[in-house]
Amino acid sequence: FFSGEIYLDLSKNFMKYLSWQDITYSSLTDKICLVVDRDHESFSKEQYNNVYNFCQNNNVGYYVSNPCFEFWLFLHFREIEKEKYDDLLKNKFITSDKRYIESRLHDLCGYTKTKFNFLRFEPYINDAIKREKNYEENIMGLENKLGTNVGKLVSEMINKK
């Protein structure tokens, strides 16, 4: 999945890939980022470290949500403050196709993976950035601890407007 060969090809040919897509890129103003879910079951320690090293060596921003991206979305709501740490980190299946955090988001705002209404989250972005600080934000700590550093990326984008 995360083989060194893929990274090497990506880093050597990145500008070609962008030009084929008619995407303009300037290293002075643009930033390449990788945003991933931690997903304990599908992301080994070796893979985590390989991706981290690749991003460090290739000036790629590495943003992780542990256990899932929906954790970042849940931070937009104050109800997250009432949740138990272990329930969030374990993020067990509630139904055959829905995990705990997704289920809580659905209850709060009708969220589903296939029906994302950004306008429901936008007014609370600054709240989510503040709440993120109550959890792990360090990229190496995110390997095993509940948290995210997506708020750091969002802050950068807001501040560059």
# chains A, B, ... in the order shown; residues from 1 in each chain; ligands from 1

call {"tool": "residues_around", "arguments": {"residues": "range 31-35 of chain A", "least_positions_apart": "4", "cutoff": "6 Å", "atoms": "only C-alpha atoms", "output": "VMD selection string"}}
result
chain A and resid 60 to 64

call {"tool": "closest_atom_pairs", "arguments": {"of": "range 14-82 of chain A", "to": "range 123-131 of chain A", "cutoff": "12 Å", "atoms": "only C-alpha atoms", "output": "Markdown table"}}
result
| residue | atom | partner | partner_atom | distance |
| --- | --- | --- | --- | --- |
| A:Glu70 | CA | A:Ala128 | CA | 11.9 |
| A:Phe71 | CA | A:Ala128 | CA | 10.1 |
| A:Trp72 | CA | A:Ala128 | CA | 7.3 |
| A:Leu73 | CA | A:Ala128 | CA | 7.7 |
| A:Phe74 | CA | A:Ala128 | CA | 8.0 |
| A:Leu75 | CA | A:Ala128 | CA | 4.7 |
| A:His76 | CA | A:Ala128 | CA | 4.4 |
| A:Phe77 | CA | A:Ala128 | CA | 7.4 |
| A:Arg78 | CA | A:Asp127 | CA | 8.3 |
| A:Glu79 | CA | A:Arg131 | CA | 11.0 |
| A:Ile80 | CA | A:Arg131 | CA | 8.9 |
| A:Glu81 | CA | A:Arg131 | CA | 8.5 |

call {"tool": "write_last_selection", "arguments": {"atoms": "all heavy atoms", "output": "compact mmCIF listing (two decimals), in the first residue's frame"}}
result
# COMPACT_ATOMS: atom_id res chain seq x y z
N GLU A 70 -14.07 11.98 10.72
CA GLU A 70 -15.29 12.44 11.37
C GLU A 70 -15.01 13.00 12.78
O GLU A 70 -15.78 13.81 13.29
CB GLU A 70 -16.33 11.31 11.44
CG GLU A 70 -17.01 11.02 10.13
CD GLU A 70 -16.21 10.12 9.19
OE1 GLU A 70 -15.12 9.64 9.58
OE2 GLU A 70 -16.67 9.92 8.05
N PHE A 71 -13.89 12.56 13.37
CA PHE A 71 -13.52 13.15 14.67
C PHE A 71 -13.32 14.66 14.52
O PHE A 71 -13.78 15.44 15.34
CB PHE A 71 -12.25 12.48 15.23
CG PHE A 71 -11.81 13.11 16.53
CD1 PHE A 71 -12.50 12.86 17.70
CD2 PHE A 71 -10.72 13.96 16.57
CE1 PHE A 71 -12.11 13.45 18.90
CE2 PHE A 71 -10.32 14.56 17.75
CZ PHE A 71 -11.02 14.31 18.92
N TRP A 72 -12.61 15.07 13.46
CA TRP A 72 -12.44 16.51 13.19
C TRP A 72 -13.80 17.19 13.04
O TRP A 72 -14.03 18.26 13.59
CB TRP A 72 -11.55 16.72 11.96
CG TRP A 72 -11.71 18.08 11.35
CD1 TRP A 72 -12.29 18.39 10.16
CD2 TRP A 72 -11.32 19.34 11.92
NE1 TRP A 72 -12.29 19.75 9.95
CE2 TRP A 72 -11.70 20.36 11.02
CE3 TRP A 72 -10.71 19.71 13.11
CZ2 TRP A 72 -11.47 21.71 11.25
CZ3 TRP A 72 -10.48 21.06 13.35
CH2 TRP A 72 -10.85 22.04 12.43
N LEU A 73 -14.70 16.56 12.33
CA LEU A 73 -16.03 17.14 12.13
C LEU A 73 -16.79 17.23 13.46
O LEU A 73 -17.47 18.23 13.72
CB LEU A 73 -16.82 16.32 11.12
CG LEU A 73 -16.25 16.26 9.71
CD1 LEU A 73 -17.10 15.36 8.83
CD2 LEU A 73 -16.11 17.65 9.11
N PHE A 74 -16.66 16.22 14.30
CA PHE A 74 -17.35 16.19 15.59
C PHE A 74 -16.86 17.33 16.48
O PHE A 74 -17.61 17.87 17.31
CB PHE A 74 -17.15 14.84 16.26
CG PHE A 74 -18.12 14.50 17.36
CD1 PHE A 74 -19.19 15.31 17.69
CD2 PHE A 74 -17.96 13.32 18.06
CE1 PHE A 74 -20.08 14.97 18.72
CE2 PHE A 74 -18.84 12.96 19.07
CZ PHE A 74 -19.89 13.79 19.41
N LEU A 75 -15.59 17.74 16.32
CA LEU A 75 -15.06 18.84 17.11
C LEU A 75 -15.80 20.16 16.88
O LEU A 75 -15.69 21.08 17.68
CB LEU A 75 -13.56 19.04 16.81
CG LEU A 75 -12.62 17.98 17.37
CD1 LEU A 75 -11.23 18.17 16.79
CD2 LEU A 75 -12.60 18.02 18.89
N HIS A 76 -16.55 20.25 15.81
CA HIS A 76 -17.32 21.46 15.53
C HIS A 76 -18.50 21.63 16.49
O HIS A 76 -19.11 22.70 16.54
CB HIS A 76 -17.84 21.43 14.08
CG HIS A 76 -16.77 21.61 13.07
ND1 HIS A 76 -15.79 20.66 12.82
CD2 HIS A 76 -16.50 22.64 12.23
CE1 HIS A 76 -14.99 21.10 11.87
NE2 HIS A 76 -15.40 22.30 11.50
N PHE A 77 -18.83 20.60 17.25
CA PHE A 77 -19.99 20.63 18.13
C PHE A 77 -19.57 20.48 19.59
O PHE A 77 -18.75 19.62 19.92
CB PHE A 77 -20.96 19.50 17.76
CG PHE A 77 -21.44 19.60 16.33
CD1 PHE A 77 -20.83 18.87 15.33
CD2 PHE A 77 -22.49 20.45 16.01
CE1 PHE A 77 -21.26 18.97 14.01
CE2 PHE A 77 -22.93 20.55 14.69
CZ PHE A 77 -22.31 19.81 13.69
N ARG A 78 -20.15 21.28 20.47
CA ARG A 78 -19.77 21.23 21.88
C ARG A 78 -20.15 19.90 22.54
O ARG A 78 -19.63 19.55 23.58
CB ARG A 78 -20.35 22.41 22.64
CG ARG A 78 -21.85 22.37 22.85
CD ARG A 78 -22.33 23.46 23.80
NE ARG A 78 -21.84 24.76 23.42
CZ ARG A 78 -22.60 25.76 23.00
NH1 ARG A 78 -23.90 25.61 22.95
NH2 ARG A 78 -22.08 26.91 22.67
N GLU A 79 -21.04 19.16 21.90
CA GLU A 79 -21.44 17.86 22.47
C GLU A 79 -20.26 16.90 22.61
O GLU A 79 -20.31 15.98 23.43
CB GLU A 79 -22.53 17.21 21.60
CG GLU A 79 -23.90 17.84 21.75
CD GLU A 79 -24.10 19.12 20.94
OE1 GLU A 79 -23.15 19.59 20.29
OE2 GLU A 79 -25.21 19.65 20.97
N ILE A 80 -19.21 17.11 21.86
CA ILE A 80 -18.04 16.23 21.95
C ILE A 80 -17.42 16.29 23.35
O ILE A 80 -16.82 15.32 23.80
CB ILE A 80 -16.99 16.55 20.87
CG1 ILE A 80 -16.00 15.38 20.75
CG2 ILE A 80 -16.27 17.87 21.15
CD1 ILE A 80 -15.09 15.45 19.55
N GLU A 81 -17.60 17.40 24.02
CA GLU A 81 -17.02 17.58 25.35
C GLU A 81 -17.63 16.64 26.38
O GLU A 81 -17.04 16.40 27.43
CB GLU A 81 -17.16 19.04 25.79
CG GLU A 81 -16.38 19.98 24.88
CD GLU A 81 -16.73 21.45 25.04
OE1 GLU A 81 -17.55 21.79 25.93
OE2 GLU A 81 -16.17 22.25 24.28

call {"tool": "select_by_dssp", "arguments": {"residues": "range 29-131 of chain A", "states": "alpha helix (DSSP H)", "output": "PyMOL selection string"}}
result
chain A and resi 45-57+69-74+85-90+100-109+118-121+125-131

call {"tool": "atom_distance", "arguments": {"atom1": "CA of Ile94 in chain A", "atom2": "CA of Ile139 in chain A"}}
result
28.0 Å

call {"tool": "atom_distance", "arguments": {"atom1": "CA of Leu105 in chain A", "atom2": "CA of Ser155 in chain A"}}
result
22.4 Å

call {"tool": "select_by_dssp", "arguments": {"residues": "range 7-140 of chain A", "states": "strand (DSSP E)", "output": "list in words"}}
result
Cys33, Leu34, Val35, Val36, Asp37, Gly61, Tyr62, Tyr63, Val64, Ser65 and Asn66 of chain A

call {"tool": "atom_distance", "arguments": {"atom1": "CA of Val150 in chain A", "atom2": "CA of Cys68 in chain A"}}
result
11.2 Å

call {"tool": "closest_residue", "arguments": {"among": "A:Ser96, A:Asn91, A:Asn134, A:Gln21", "to": "Phe69 in chain A", "atoms": "only C-alpha atoms"}}
result
A:Asn91

call {"tool": "closest_residue", "arguments": {"among": "A:Leu146, A:His106, A:Thr24, A:Asn159", "to": "Pro67 in chain A", "atoms": "only C-alpha atoms"}}
result
A:Leu146
